[in-house]
Structures are given as structure tokens and as C-alpha cells.
$ cat input11.cif   # mmCIF, C-alpha atoms
data_query
loop_
_atom_site.label_atom_id
_atom_site.label_comp_id
_atom_site.auth_asym_id
_atom_site.auth_seq_id
_atom_site.Cartn_x
_atom_site.Cartn_y
_atom_site.Cartn_z
CA MET K 1 24.21 -10.77 -2.94
CA LYS K 2 22.44 -7.44 -2.49
CA ASP K 3 18.91 -8.45 -3.48
CA SER K 4 16.88 -6.96 -0.60
CA LEU K 5 14.98 -3.79 0.21
CA ILE K 6 14.49 -2.89 3.89
CA THR K 7 11.70 -0.85 5.48
CA VAL K 8 13.52 1.14 8.14
CA SER K 9 11.91 3.57 10.60
CA GLY K 10 14.89 4.61 12.71
CA GLY K 11 13.77 2.72 15.81
CA MET K 12 15.85 0.06 17.58
CA ASP K 13 14.34 -2.90 15.72
CA SER K 14 14.74 -1.75 12.12
CA ILE K 15 18.17 -0.25 12.78
CA THR K 16 19.28 -3.60 14.19
CA LEU K 17 17.95 -5.39 11.12
CA LEU K 18 19.73 -2.83 8.91
CA TYR K 19 23.10 -3.73 10.48
CA ASP K 20 22.24 -7.42 10.79
CA LYS K 21 21.49 -7.80 7.03
CA ARG K 22 23.69 -5.01 5.67
CA ASP K 23 25.38 -7.31 3.18
CA GLU K 24 22.03 -8.15 1.53
CA ILE K 25 20.49 -4.66 1.37
CA ALA K 26 20.45 -2.67 -1.86
CA LEU K 27 17.84 -0.07 -0.87
CA ALA K 28 16.29 1.28 2.36
CA VAL K 29 12.86 2.94 2.53
CA THR K 30 11.39 5.06 5.29
CA TYR K 31 7.70 6.03 5.28
CA ASP K 32 6.54 9.35 6.64
CA TYR K 33 2.92 8.50 7.36
CA GLY K 34 2.27 11.45 9.62
CA SER K 35 2.91 9.79 12.98
CA LYS K 36 3.96 11.98 15.87
CA HIS K 37 7.37 10.32 15.91
CA ASN K 38 8.15 9.84 12.19
CA ARG K 39 10.37 12.90 11.89
CA MET K 40 12.42 12.05 14.99
CA GLU K 41 13.00 8.50 13.77
CA LEU K 42 13.80 9.57 10.22
CA GLU K 43 16.93 11.43 11.27
CA TYR K 44 18.38 8.18 12.63
CA ALA K 45 17.32 6.14 9.61
CA LEU K 46 19.24 8.60 7.44
CA HIS K 47 22.23 8.57 9.81
CA HIS K 48 22.68 4.80 9.79
CA CYS K 49 22.01 4.29 6.06
CA HIS K 50 24.60 6.97 5.34
CA ALA K 51 27.08 5.34 7.73
CA LEU K 52 26.62 1.99 5.96
CA GLY K 53 26.60 3.46 2.45
CA ILE K 54 23.08 2.16 1.74
CA GLU K 55 20.84 4.09 -0.67
CA HIS K 56 17.83 5.48 1.19
CA ILE K 57 14.56 7.04 0.09
CA VAL K 58 11.69 8.61 2.02
CA ILE K 59 8.11 8.00 0.88
CA PRO K 60 5.58 10.53 2.16
CA LEU K 61 2.13 9.06 2.88
CA ASP K 62 0.19 12.20 3.74
CA PHE K 63 -3.17 10.53 3.23
CA VAL K 64 -2.72 8.37 6.36
CA ALA K 65 -2.86 11.24 8.86
CA ARG K 66 -5.67 12.79 6.85
CA TYR K 67 -7.98 9.80 6.49
CA PHE K 68 -6.98 7.25 9.15
CA LYS K 69 -7.75 7.40 12.85
CA SER K 70 -5.06 6.56 15.44
CA SER K 71 -3.55 8.19 18.52
CA LEU K 72 -0.18 7.55 16.86
CA LEU K 73 -0.91 10.16 14.21
CA GLN K 74 -0.50 13.92 14.29
CA GLY K 75 -3.83 15.41 15.32
CA GLY K 76 -4.86 12.13 17.00
CA ASP K 77 -5.71 11.58 20.68
CA ALA K 78 -3.04 11.52 23.41
CA ILE K 79 -0.70 8.50 23.47
CA PRO K 80 -1.66 6.26 26.44
CA GLU K 81 0.88 5.96 29.25
CA CYS K 82 0.89 2.24 29.92
CA ALA K 83 2.57 -1.02 28.93
CA TYR K 84 1.98 -2.68 25.55
CA ASN K 85 -0.29 -5.38 26.88
CA ASP K 86 -2.87 -2.90 28.14
CA ASP K 87 -6.02 -2.77 26.09
CA ASN K 88 -6.04 0.98 25.53
CA MET K 89 -2.82 0.66 23.50
CA LYS K 90 -5.22 -0.33 20.70
CA SER K 91 -5.67 3.40 20.11
CA THR K 92 -2.13 3.42 18.65
CA VAL K 93 -3.02 0.98 15.86
CA VAL K 94 -2.74 2.52 12.39
CA PRO K 95 -5.02 0.18 10.42
CA PHE K 96 -3.06 -2.16 8.11
CA ARG K 97 0.03 0.04 8.35
CA ASN K 98 2.44 -2.84 7.71
CA GLY K 99 0.32 -4.03 4.79
CA ILE K 100 0.57 -0.60 3.18
CA MET K 101 4.30 -0.25 3.86
CA LEU K 102 5.05 -3.76 2.60
CA SER K 103 3.00 -3.38 -0.58
CA ILE K 104 4.77 -0.16 -1.52
CA ALA K 105 8.10 -1.80 -0.66
CA CYS K 106 7.10 -4.70 -2.92
CA GLY K 107 6.42 -2.36 -5.87
CA LEU K 108 9.74 -0.61 -5.29
CA ALA K 109 11.58 -3.94 -5.03
CA GLU K 110 10.08 -5.09 -8.36
CA THR K 111 11.05 -1.76 -9.94
CA HIS K 112 14.64 -2.20 -8.74
CA GLY K 113 14.89 -5.90 -9.65
CA LEU K 114 15.16 -6.98 -5.99
CA HIS K 115 13.74 -10.23 -4.61
CA LYS K 116 13.16 -9.70 -0.90
CA VAL K 117 11.63 -7.15 1.46
CA LEU K 118 13.01 -7.02 5.01
CA ILE K 119 10.88 -5.87 7.96
CA ALA K 120 11.68 -5.85 11.70
CA ASN K 121 8.34 -6.74 13.33
CA HIS K 122 8.82 -8.73 16.57
CA SER K 123 6.87 -10.87 19.01
CA GLY K 124 6.17 -8.01 21.44
CA ASP K 125 3.94 -6.43 18.80
CA HIS K 126 1.72 -9.48 18.30
CA ALA K 127 -0.78 -8.86 21.08
CA ILE K 128 -2.01 -5.54 19.74
CA TYR K 129 -1.03 -5.24 16.08
CA PRO K 130 -2.55 -7.92 13.81
CA ASP K 131 -0.27 -6.86 10.94
CA CYS K 132 2.83 -7.76 12.97
CA ARG K 133 1.92 -11.44 13.47
CA GLU K 134 3.49 -14.39 11.69
CA GLU K 135 0.19 -15.35 10.08
CA PHE K 136 -0.08 -11.93 8.44
CA ILE K 137 3.56 -11.85 7.35
CA ASN K 138 3.22 -15.25 5.68
CA ALA K 139 -0.05 -14.31 3.96
CA MET K 140 1.36 -10.98 2.77
CA SER K 141 4.48 -12.70 1.49
CA ASN K 142 2.26 -15.05 -0.56
CA ALA K 143 0.32 -12.08 -1.95
CA MET K 144 3.54 -10.31 -2.93
CA SER K 145 4.95 -13.43 -4.54
CA SER K 146 1.83 -14.08 -6.60
CA GLY K 147 1.41 -10.40 -7.55
CA THR K 148 4.91 -9.83 -8.97
CA TYR K 149 7.05 -11.12 -11.86
CA LYS K 150 10.05 -11.61 -9.56
CA ASN K 151 7.97 -13.50 -6.96
CA ILE K 152 9.08 -11.12 -4.25
CA THR K 153 8.84 -12.42 -0.68
CA ILE K 154 9.11 -10.99 2.83
CA SER K 155 11.91 -11.77 5.25
CA ALA K 156 10.95 -10.94 8.83
CA PRO K 157 13.61 -12.70 10.91
CA TYR K 158 12.57 -11.14 14.24
CA THR K 159 8.89 -12.15 14.05
CA ASN K 160 9.17 -14.66 16.88
CA ILE K 161 11.83 -13.07 19.07
CA SER K 162 11.44 -10.27 21.63
CA LYS K 163 12.76 -6.72 21.61
CA SER K 164 15.29 -7.78 24.26
CA ASP K 165 16.55 -10.50 21.93
CA ILE K 166 16.86 -7.86 19.19
CA ALA K 167 18.85 -5.63 21.55
CA LYS K 168 21.18 -8.57 22.25
CA ILE K 169 21.80 -8.91 18.50
CA GLY K 170 22.49 -5.16 18.37
CA LYS K 171 24.92 -5.44 21.27
CA ARG K 172 26.85 -8.11 19.42
CA LEU K 173 26.89 -5.92 16.28
CA GLY K 174 28.09 -2.90 18.28
CA ILE K 175 25.10 -0.70 17.41
CA ASP K 176 24.91 2.69 19.16
CA TYR K 177 21.27 2.71 20.29
CA SER K 178 21.54 6.30 21.49
CA LYS K 179 21.19 7.00 17.77
CA THR K 180 17.72 5.44 17.55
CA TYR K 181 14.33 6.84 18.53
CA SER K 182 11.38 4.99 20.08
CA CYS K 183 8.95 7.37 21.81
CA TYR K 184 5.40 7.51 20.39
CA ASN K 185 5.03 11.13 21.54
CA GLY K 186 7.70 12.30 19.12
CA ARG K 187 9.11 15.13 21.23
CA THR K 188 12.83 15.93 21.31
CA LYS K 189 13.44 13.80 24.41
CA HIS K 190 11.87 10.37 24.94
CA CYS K 191 8.89 10.72 27.34
CA GLY K 192 9.93 7.60 29.29
CA ARG K 193 6.31 6.69 30.08
CA CYS K 194 4.63 5.45 26.87
CA ALA K 195 4.64 1.76 25.92
CA THR K 196 7.53 2.04 23.47
CA CYS K 197 9.66 3.95 25.99
CA LEU K 198 8.94 1.33 28.67
CA GLU K 199 9.80 -1.42 26.19
CA ARG K 200 12.98 0.39 25.12
CA LYS K 201 14.17 0.71 28.73
CA GLU K 202 13.41 -2.92 29.52
CA SER K 203 15.05 -4.33 26.40
CA LEU K 204 18.28 -2.36 26.96
CA ARG K 205 18.32 -3.44 30.62
CA ILE K 206 17.79 -7.13 29.80
CA ALA K 207 20.44 -7.01 27.04
CA GLY K 208 22.88 -5.39 29.48
CA ILE K 209 23.33 -2.23 27.41
CA PRO K 210 23.84 1.07 29.30
CA ASP K 211 20.77 3.21 28.59
CA THR K 212 22.06 6.66 27.63
CA THR K 213 18.66 7.80 26.30
CA GLU K 214 17.59 11.21 27.62
CA TYR K 215 14.12 10.73 29.12
CA GLU K 216 11.86 13.63 30.09
CA ASP K 217 11.28 12.13 33.52
CA ASP K 218 14.97 11.68 34.37
CA MET D 1 -26.07 -3.51 4.29
CA LYS D 2 -23.53 -0.88 3.26
CA ASP D 3 -20.34 -2.58 4.48
CA SER D 4 -18.06 -2.19 1.44
CA LEU D 5 -15.44 0.18 0.11
CA ILE D 6 -14.83 0.26 -3.65
CA THR D 7 -11.65 1.20 -5.52
CA VAL D 8 -12.96 3.09 -8.53
CA SER D 9 -10.86 4.53 -11.34
CA GLY D 10 -13.51 5.94 -13.68
CA GLY D 11 -12.98 3.28 -16.35
CA MET D 12 -15.71 0.97 -17.67
CA ASP D 13 -14.98 -1.90 -15.28
CA SER D 14 -14.97 -0.06 -11.95
CA ILE D 15 -17.93 2.13 -12.94
CA THR D 16 -19.89 -1.03 -13.76
CA LEU D 17 -18.98 -2.51 -10.38
CA LEU D 18 -20.00 0.76 -8.71
CA TYR D 19 -23.52 0.49 -10.17
CA ASP D 20 -23.64 -3.29 -9.79
CA LYS D 21 -22.93 -3.16 -6.02
CA ARG D 22 -24.30 0.31 -5.25
CA ASP D 23 -26.46 -1.02 -2.39
CA GLU D 24 -23.40 -2.38 -0.55
CA ILE D 25 -21.03 0.56 -1.00
CA ALA D 26 -20.38 3.02 1.83
CA LEU D 27 -17.22 4.65 0.45
CA ALA D 28 -15.46 4.95 -2.93
CA VAL D 29 -11.73 5.62 -3.32
CA THR D 30 -9.83 6.77 -6.39
CA TYR D 31 -6.03 6.75 -6.46
CA ASP D 32 -4.10 9.36 -8.37
CA TYR D 33 -0.83 7.49 -8.84
CA GLY D 34 0.51 9.73 -11.57
CA SER D 35 -0.61 7.73 -14.59
CA LYS D 36 -1.14 9.55 -17.85
CA HIS D 37 -4.87 8.85 -17.68
CA ASN D 38 -5.65 9.24 -13.95
CA ARG D 39 -7.00 12.78 -14.26
CA MET D 40 -9.26 11.94 -17.19
CA GLU D 41 -10.71 8.93 -15.36
CA LEU D 42 -11.13 10.80 -12.08
CA GLU D 43 -13.70 13.18 -13.54
CA TYR D 44 -15.97 10.22 -14.31
CA ALA D 45 -15.40 8.54 -10.95
CA LEU D 46 -16.58 11.77 -9.30
CA HIS D 47 -19.52 12.09 -11.69
CA HIS D 48 -20.93 8.61 -11.00
CA CYS D 49 -20.31 8.63 -7.24
CA HIS D 50 -22.11 11.96 -7.06
CA ALA D 51 -24.98 10.62 -9.18
CA LEU D 52 -25.35 7.65 -6.82
CA GLY D 53 -24.88 9.66 -3.62
CA ILE D 54 -21.78 7.64 -2.63
CA GLU D 55 -19.06 9.33 -0.56
CA HIS D 56 -15.85 9.55 -2.57
CA ILE D 57 -12.26 10.39 -1.70
CA VAL D 58 -9.12 10.80 -3.81
CA ILE D 59 -5.81 9.50 -2.50
CA PRO D 60 -2.74 11.04 -4.16
CA LEU D 61 0.19 8.64 -4.52
CA ASP D 62 2.85 10.98 -5.89
CA PHE D 63 5.68 8.60 -5.02
CA VAL D 64 4.63 6.10 -7.70
CA ALA D 65 5.43 8.36 -10.68
CA ARG D 66 8.59 9.47 -8.91
CA TYR D 67 10.07 6.09 -7.98
CA PHE D 68 8.39 3.46 -10.16
CA LYS D 69 9.09 2.74 -13.80
CA SER D 70 6.22 2.17 -16.27
CA SER D 71 5.09 3.56 -19.62
CA LEU D 72 1.70 4.10 -17.95
CA LEU D 73 3.16 6.89 -15.78
CA GLN D 74 3.71 10.54 -16.55
CA GLY D 75 7.28 10.91 -17.76
CA GLY D 76 7.40 7.24 -18.79
CA ASP D 77 7.99 5.84 -22.28
CA ALA D 78 5.33 5.97 -25.01
CA ILE D 79 2.29 3.70 -24.60
CA PRO D 80 2.57 0.80 -27.10
CA GLU D 81 -0.05 0.66 -29.86
CA CYS D 82 -1.03 -2.99 -29.86
CA ALA D 83 -3.45 -5.47 -28.32
CA TYR D 84 -3.23 -6.61 -24.70
CA ASN D 85 -1.75 -9.99 -25.47
CA ASP D 86 1.33 -8.53 -27.11
CA ASP D 87 4.47 -8.83 -25.06
CA ASN D 88 5.46 -5.16 -25.17
CA MET D 89 2.33 -4.28 -23.18
CA LYS D 90 4.46 -5.34 -20.21
CA SER D 91 5.87 -1.82 -20.29
CA THR D 92 2.49 -0.63 -18.92
CA VAL D 93 2.81 -2.68 -15.72
CA VAL D 94 3.02 -0.52 -12.58
CA PRO D 95 4.67 -2.98 -10.19
CA PHE D 96 2.23 -4.31 -7.54
CA ARG D 97 -0.21 -1.45 -8.24
CA ASN D 98 -3.26 -3.44 -7.15
CA GLY D 99 -1.44 -4.60 -4.00
CA ILE D 100 -0.76 -1.00 -3.05
CA MET D 101 -4.29 0.18 -3.86
CA LEU D 102 -5.89 -2.74 -2.02
CA SER D 103 -3.74 -2.35 1.09
CA ILE D 104 -4.61 1.35 1.40
CA ALA D 105 -8.26 0.48 0.78
CA CYS D 106 -7.98 -2.11 3.53
CA GLY D 107 -6.66 0.45 6.04
CA LEU D 108 -9.43 2.87 5.06
CA ALA D 109 -12.07 0.13 5.37
CA GLU D 110 -10.83 -0.77 8.88
CA THR D 111 -10.87 2.93 9.82
CA HIS D 112 -14.49 3.21 8.64
CA GLY D 113 -15.65 -0.08 10.18
CA LEU D 114 -16.28 -1.69 6.78
CA HIS D 115 -15.77 -5.39 6.03
CA LYS D 116 -15.18 -5.69 2.31
CA VAL D 117 -13.08 -4.09 -0.44
CA LEU D 118 -14.47 -4.24 -3.98
CA ILE D 119 -12.19 -4.22 -7.04
CA ALA D 120 -13.06 -4.67 -10.74
CA ASN D 121 -10.10 -6.66 -12.11
CA HIS D 122 -11.15 -9.00 -14.93
CA SER D 123 -9.88 -11.98 -16.91
CA GLY D 124 -8.52 -9.86 -19.79
CA ASP D 125 -5.90 -8.45 -17.44
CA HIS D 126 -4.51 -11.84 -16.35
CA ALA D 127 -2.01 -12.40 -19.13
CA ILE D 128 0.07 -9.32 -18.38
CA TYR D 129 -0.73 -8.12 -14.86
CA PRO D 130 0.12 -10.64 -12.12
CA ASP D 131 -1.74 -8.54 -9.54
CA CYS D 132 -5.02 -8.98 -11.44
CA ARG D 133 -5.09 -12.79 -11.25
CA GLU D 134 -7.32 -14.86 -9.02
CA GLU D 135 -4.33 -16.34 -7.19
CA PHE D 136 -3.16 -12.87 -6.18
CA ILE D 137 -6.64 -11.66 -5.22
CA ASN D 138 -7.14 -14.69 -2.94
CA ALA D 139 -3.69 -14.33 -1.35
CA MET D 140 -4.17 -10.58 -0.81
CA SER D 141 -7.60 -11.19 0.69
CA ASN D 142 -6.01 -13.62 3.17
CA ALA D 143 -3.34 -11.05 4.04
CA MET D 144 -5.97 -8.36 4.63
CA SER D 145 -8.09 -10.68 6.73
CA SER D 146 -5.19 -11.73 8.96
CA GLY D 147 -3.83 -8.17 9.25
CA THR D 148 -7.03 -6.48 10.45
CA TYR D 149 -9.36 -6.65 13.47
CA LYS D 150 -12.44 -6.76 11.23
CA ASN D 151 -10.98 -9.55 9.06
CA ILE D 152 -11.50 -7.49 5.94
CA THR D 153 -11.69 -9.41 2.66
CA ILE D 154 -11.66 -8.63 -1.06
CA SER D 155 -14.63 -9.08 -3.33
CA ALA D 156 -13.57 -9.19 -6.99
CA PRO D 157 -16.65 -10.55 -8.77
CA TYR D 158 -15.34 -9.93 -12.31
CA THR D 159 -12.03 -11.80 -11.85
CA ASN D 160 -13.00 -14.59 -14.20
CA ILE D 161 -15.23 -12.81 -16.69
CA SER D 162 -14.20 -10.71 -19.71
CA LYS D 163 -14.57 -6.99 -20.34
CA SER D 164 -17.35 -7.82 -22.83
CA ASP D 165 -19.21 -9.66 -20.06
CA ILE D 166 -18.77 -6.59 -17.85
CA ALA D 167 -20.17 -4.38 -20.63
CA LYS D 168 -23.20 -6.70 -20.83
CA ILE D 169 -23.79 -6.18 -17.10
CA GLY D 170 -23.48 -2.44 -17.66
CA LYS D 171 -25.98 -2.58 -20.51
CA ARG D 172 -28.48 -4.30 -18.24
CA LEU D 173 -27.89 -1.65 -15.56
CA GLY D 174 -28.32 1.16 -18.10
CA ILE D 175 -24.85 2.64 -17.57
CA ASP D 176 -23.86 5.50 -19.90
CA TYR D 177 -20.34 4.39 -20.94
CA SER D 178 -19.73 7.66 -22.77
CA LYS D 179 -19.11 8.90 -19.22
CA THR D 180 -16.15 6.56 -18.65
CA TYR D 181 -12.53 6.84 -19.78
CA SER D 182 -10.19 4.06 -20.89
CA CYS D 183 -7.29 5.40 -22.97
CA TYR D 184 -3.79 4.88 -21.52
CA ASN D 185 -2.53 8.00 -23.29
CA GLY D 186 -4.73 10.24 -21.17
CA ARG D 187 -5.42 12.90 -23.79
CA THR D 188 -8.83 14.60 -24.08
CA LYS D 189 -10.04 12.19 -26.76
CA HIS D 190 -9.42 8.43 -26.65
CA CYS D 191 -6.52 7.58 -28.99
CA GLY D 192 -8.35 4.54 -30.38
CA ARG D 193 -5.11 2.59 -30.91
CA CYS D 194 -3.73 1.57 -27.48
CA ALA D 195 -4.66 -1.78 -25.89
CA THR D 196 -7.32 -0.33 -23.62
CA CYS D 197 -8.94 1.58 -26.50
CA LEU D 198 -8.99 -1.57 -28.64
CA GLU D 199 -10.46 -3.52 -25.71
CA ARG D 200 -13.06 -0.79 -25.07
CA LYS D 201 -14.19 -0.82 -28.70
CA GLU D 202 -14.41 -4.60 -28.80
CA SER D 203 -16.31 -4.98 -25.53
CA LEU D 204 -18.91 -2.38 -26.51
CA ARG D 205 -19.32 -4.05 -29.90
CA ILE D 206 -19.74 -7.55 -28.42
CA ALA D 207 -22.20 -6.26 -25.80
CA GLY D 208 -24.19 -4.54 -28.53
CA ILE D 209 -23.77 -1.05 -27.09
CA PRO D 210 -23.46 1.86 -29.56
CA ASP D 211 -19.93 3.27 -29.16
CA THR D 212 -20.28 7.04 -28.87
CA THR D 213 -16.67 7.48 -27.69
CA GLU D 214 -14.80 10.22 -29.55
CA TYR D 215 -11.61 8.61 -30.86
CA GLU D 216 -8.70 10.61 -32.29
CA ASP D 217 -8.62 8.41 -35.39
CA ASP D 218 -12.32 8.78 -36.20
#
$ encode --input "input11.cif" --output "C-alpha cells"
Amino acid sequence: MKDSLITVSGGMDSITLLYDKRDEIALAVTYDYGSKHNRMELEYALHHCHALGIEHIVIPLDFVARYFKSSLLQGGDAIPECAYNDDNMKSTVVPFRNGIMLSIACGLAETHGLHKVLIANHSGDHAIYPDCREEFINAMSNAMSSGTYKNITISAPYTNISKSDIAKIGKRLGIDYSKTYSCYNGRTKHCGRCATCLERKESLRIAGIPDTTEYEDD
Amino acid sequence: MKDSLITVSGGMDSITLLYDKRDEIALAVTYDYGSKHNRMELEYALHHCHALGIEHIVIPLDFVARYFKSSLLQGGDAIPECAYNDDNMKSTVVPFRNGIMLSIACGLAETHGLHKVLIANHSGDHAIYPDCREEFINAMSNAMSSGTYKNITISAPYTNISKSDIAKIGKRLGIDYSKTYSCYNGRTKHCGRCATCLERKESLRIAGIPDTTEYEDD
């Protein structure tokens, strides 16, 4: 039964979830919140939704880059070159980003008569991003359920697995990860040095998937 | 201590809360989500924030009128002429509107180092709008707290009082309600027949405030 809406960026995680739950998905939504990498990711979100015949819309959130502060955003500070567990990765936090994306998704789901919102947060995000943790997802799901007629809830099946585990699911599903984008710097080629690039490389390696990504430092 | 952000529309309820909690408010936010009456309200939100010396920003949410369905929105069906408890007022629901407004407010509050988000939902809204009820406000406050570093929470002090009770608070504070806007039709004069106009008239009458509003049917 197609009763779900998915928030899909065009990165490895959300593209995996898109294929993983394709039979449940009636509508896919990508947010352009003014991050350095939104536009690069968007191309792949469109590509895969088109390939799967899933309706896709883009919601521009111009106010985020204008009023929020984060190195992830256009006009923000430089993206740190380090692993995700380093403290200065906190500069990449966009405050309550998942809360904002999920609440808009919830309103869209209610408009379309859908019952579930899918999101691909995973355990590697927990250390730095409070709005990727299980506690937040459960609380937000309760808020969505109590604030809607359809009692809409969140399904976040990757919350407690790693990006490598997600890549293993993608391998089984035959996903072409060269058609996904991860780099926080948002240039044509992946930088290969920021936390998401390091995590991308590691997850592909652990899952045993040849990494055909073009990195700037190759 | 000025540690709060307020969501203020320019209607009677949020303008009352603005004056009521003026000593706590560091930032006021109005959303232009494409409703028929947003622009009329906005003028008064600006007026009162300016009068109180409170910083004020407007967040445009163009996607709501484009992708959501509600008679409240520009391009939507006609606003019903009836009281709030009538079933066809459901056509004025903008799905999860308060969830969306609160989540953006939460991200802005975290960006500005604030701890609390103020909202002026009241008991008269409960019957029709699920995202105005105490259960939703509490669940959303939990979601915001768990999804932010500052553990931001919601303060909704009018949740369980009526619009007449709010008008009584406004009377005590000396608020000039002629400088607020309520009508869902969003024309220059209040229509005097929609649910919010009927509620406005009644609350001013019960609070013993002379109603100097110009209604179309006067």
C-alpha cells in the first residue's frame, strides 16, 4: 500500500531508503535549504525518483540560509576537514533541520492523505546532530500523530544502524551509488576530505562496493 | 531575562501574548504562508513589535499555498460563514501549520541562543485544529527539547483559556485591539460573518471592550 511520503536528499542514505521502501512511497520531497551541497544532491534525487516512477517535489526553504547560522550553508564558514566525531563538526549543525523537514513533510502527508513519513537518519549522525537521535524521532512522531487528523507517524528504519549497514542494504538492492552525492562542500567533484566524504569512502569499503566516486584528491 | 522567541500573526491572541510577555521576548517571527489574511495581519504584527522595540522578522513560506489544500489559503475555496464549532470549518485547517511554524521558530531560537518559543493557541481552537491542543503542544515541546542543544521548549500559556479570557488580559494591559486583524477573508474590512469575526465580536463583548472594528456588514 502506497501510504508513505519520503524526505530524500540525494545522498546515499535517503536513496537507499527510497529503493528499500519503493513499494510504500507515494510522494518524495527534497528540501533546498540553501546548503552548499543541496543542488548537487538534488540532481540525484530527481534521477532516482524518475527511474522508480515516484512523484517528486522540491520545497525551497530560502529563509534557512538567510537567518540560520551553520558552516553547511551557503555564505557560512568553511566546512571542517575532519571525521564526524570531532567536536568542530558541530559547526555543520543546521539547528532543528530535521524537525523543520519532518513537520513540512507531515503537512504534505496530511494534504495527500498519507499516513507515514520516511526519513533516513542513521546512528553515525547521533553524536553531533540531536535531531537525528532515536529520542527525537520518537518525540517528533508523537507530535505529528497528535497534531494531525490522520495520526501521521515517522518511520526511520536506519536510526540504529550505521552508514556501512545502509551501504550493505544498497548493495543487495543493486543501487548505483555513483549516482549519489555526499560532499558537504558541494563542488562538482567530492572533496574527499570532509566528514561526509570520509564516511562515504569507509562505508563503501566496508560494504565491499567499488568506490567509483571522483574525489578532488585522487 | 529575554530568552524567548514569539510567533506573532497580528491577530488578537498573539498580540496579547506579545504585550503579556514583552519582558521575556528577544525576537518575534511572523510567517507569511499564503493565507488570505496574512498580509492584513502582518501590518499589525510590525506595528506592535515596533511600538515595543522588539526585533521582528518575516518568514515567507510560499510552498504552503502551492502544495497544501485549505480554504484559508489564497486560491482555496470560499471561507465558510459559520461559527467555529460547525463541521465545515474543517476546510480552514492548514495541515500541521503550528508544527511547521513551531519547528522553524525552534531552529531560529537555537540560532539566537534562546530557550523558549511562545505561541498563543487557545481553547477555542481545540475542536477543529489538532495542532492547537495541549496534547500536541506538549509532544511538540518534547520533540524540540530532544532535537536541540539548548533543550528549547514551548510556552503556550493560553492553551486552556478562551479568547474572551485573552481579551480580558488585553484589556488589563491596555491593548488597542483596533490595531489587530482577525478576518479569514483578508479583505480591508473585517467581513463580520466568518468564524474568526464572530469569535472576535463575542470575545470583545464578553471582555467589555468597545468594538471599534469596521465590519463589512455594519
$ resolve_selection --input "input11.cif" --expression "the PyMOL selection byres ((chain D and resi 27) around 6)" --output "ChimeraX atom specification"
/D:5,25-26,28,55-56
$ interface_residues --input "input11.cif" --of "chain D" --to "chain K" --cutoff "7 Å" --atoms "all atoms listed in the file" --output "tab-separated table (two decimals) with C-alpha atoms, in the frame of the given file"
chain	number	residue	atom	x	y	z
D	59	ILE	CA	-5.81	9.50	-2.50
D	63	PHE	CA	5.68	8.60	-5.02
D	68	PHE	CA	8.39	3.46	-10.16
D	69	LYS	CA	9.09	2.74	-13.80
D	95	PRO	CA	4.67	-2.98	-10.19
D	96	PHE	CA	2.23	-4.31	-7.54
D	99	GLY	CA	-1.44	-4.60	-4.00
D	100	ILE	CA	-0.76	-1.00	-3.05
D	103	SER	CA	-3.74	-2.35	1.09
D	104	ILE	CA	-4.61	1.35	1.40
D	106	CYS	CA	-7.98	-2.11	3.53
D	107	GLY	CA	-6.66	0.45	6.04
D	108	LEU	CA	-9.43	2.87	5.06
D	110	GLU	CA	-10.83	-0.77	8.88
D	111	THR	CA	-10.87	2.93	9.82
D	130	PRO	CA	0.12	-10.64	-12.12
D	131	ASP	CA	-1.74	-8.54	-9.54
D	135	GLU	CA	-4.33	-16.34	-7.19
D	136	PHE	CA	-3.16	-12.87	-6.18
D	139	ALA	CA	-3.69	-14.33	-1.35
D	140	MET	CA	-4.17	-10.58	-0.81
D	142	ASN	CA	-6.01	-13.62	3.17
D	143	ALA	CA	-3.34	-11.05	4.04
D	146	SER	CA	-5.19	-11.73	8.96
D	147	GLY	CA	-3.83	-8.17	9.25
D	148	THR	CA	-7.03	-6.48	10.45
D	149	TYR	CA	-9.36	-6.65	13.47
$ atom_distance --input "input11.cif" --atom1 "CA of Ser91 in chain D" --atom2 "CA of His115 in chain K"
19.5 Å
$ resolve_selection --input "input11.cif" --expression "the PyMOL selection byres ((chain D and resi 161-164) around 7)" --output "PDB file with C-alpha atoms, in the frame of the given file"
ATOM      1  CA  HIS D 122     -11.150  -9.000 -14.930  1.00  0.00           C
ATOM      2  CA  SER D 123      -9.880 -11.980 -16.910  1.00  0.00           C
ATOM      3  CA  GLY D 124      -8.520  -9.860 -19.790  1.00  0.00           C
ATOM      4  CA  TYR D 158     -15.340  -9.930 -12.310  1.00  0.00           C
ATOM      5  CA  THR D 159     -12.030 -11.800 -11.850  1.00  0.00           C
ATOM      6  CA  ASN D 160     -13.000 -14.590 -14.200  1.00  0.00           C
ATOM      7  CA  ASP D 165     -19.210  -9.660 -20.060  1.00  0.00           C
ATOM      8  CA  ILE D 166     -18.770  -6.590 -17.850  1.00  0.00           C
ATOM      9  CA  ALA D 167     -20.170  -4.380 -20.630  1.00  0.00           C
ATOM     10  CA  LYS D 168     -23.200  -6.700 -20.830  1.00  0.00           C
ATOM     11  CA  SER D 203     -16.310  -4.980 -25.530  1.00  0.00           C
ATOM     12  CA  LEU D 204     -18.910  -2.380 -26.510  1.00  0.00           C
ATOM     13  CA  ILE D 206     -19.740  -7.550 -28.420  1.00  0.00           C
ATOM     14  CA  ALA D 207     -22.200  -6.260 -25.800  1.00  0.00           C
TER      15      ALA D 207
END
$ atom_distance --input "input11.cif" --atom1 "CA of Ser178 in chain K" --atom2 "CA of Ile209 in chain K"
10.5 Å
$ resolve_selection --input "input11.cif" --expression "the PyMOL selection byres ((chain K and resi 1) around 8)" --output "PDB file with C-alpha atoms, in the frame of the given file"
ATOM      1  CA  LYS K   2      22.440  -7.440  -2.490  1.00  0.00           C
ATOM      2  CA  ASP K   3      18.910  -8.450  -3.480  1.00  0.00           C
ATOM      3  CA  ASP K  23      25.380  -7.310   3.180  1.00  0.00           C
ATOM      4  CA  GLU K  24      22.030  -8.150   1.530  1.00  0.00           C
TER       5      GLU K  24
END
$ atom_distance --input "input11.cif" --atom1 "CA of Cys191 in chain K" --atom2 "CA of Ala45 in chain K"
20.2 Å
$ residues_near_point --input "input11.cif" --point "(-22.7, 3.5, -18.8)" --cutoff "10 Å" --atoms "all atoms listed in the file" --output "VMD selection string"
chain D and resid 12 15 to 16 19 48 167 169 to 180 209
$ residues_near_point --input "input11.cif" --point "(-6.6, 13.4, -12.8)" --cutoff "12 Å" --atoms "only C-alpha atoms" --output "ChimeraX atom specification"
/D:9-10,30-46,58-62,74,181,186-188
$ residues_around --input "input11.cif" --residues "Ile154 in chain K" --least-positions-apart "2" --cutoff "7 Å" --atoms "only C-alpha atoms" --output "ChimeraX atom specification"
/K:116-118,141,156
$ residues_around --input "input11.cif" --residues "Ala78 in chain D" --least-positions-apart "5" --cutoff "9 Å" --atoms "all atoms listed in the file" --output "PDB file with C-alpha atoms, in the coordinates of the input"
ATOM      1  CA  SER D  71       5.090   3.560 -19.620  1.00  0.00           C
ATOM      2  CA  LEU D  72       1.700   4.100 -17.950  1.00  0.00           C
ATOM      3  CA  ASN D 185      -2.530   8.000 -23.290  1.00  0.00           C
TER       4      ASN D 185
END
$ axis_aligned_box --input "input11.cif" --around "range 111-116 of chain D" --padding-each-side "5 Å" --output "AutoDock Vina command-line options"
--center_x -13.6 --center_y -1.2 --center_z 6.2 --size_x 15.4 --size_y 18.9 --size_z 17.9
$ closest_residue --input "input11.cif" --among "D:His50, D:Asp20, D:Thr196, D:Leu114" --to "Met89 in chain D" --atoms "all atoms listed in the file"
D:Thr196
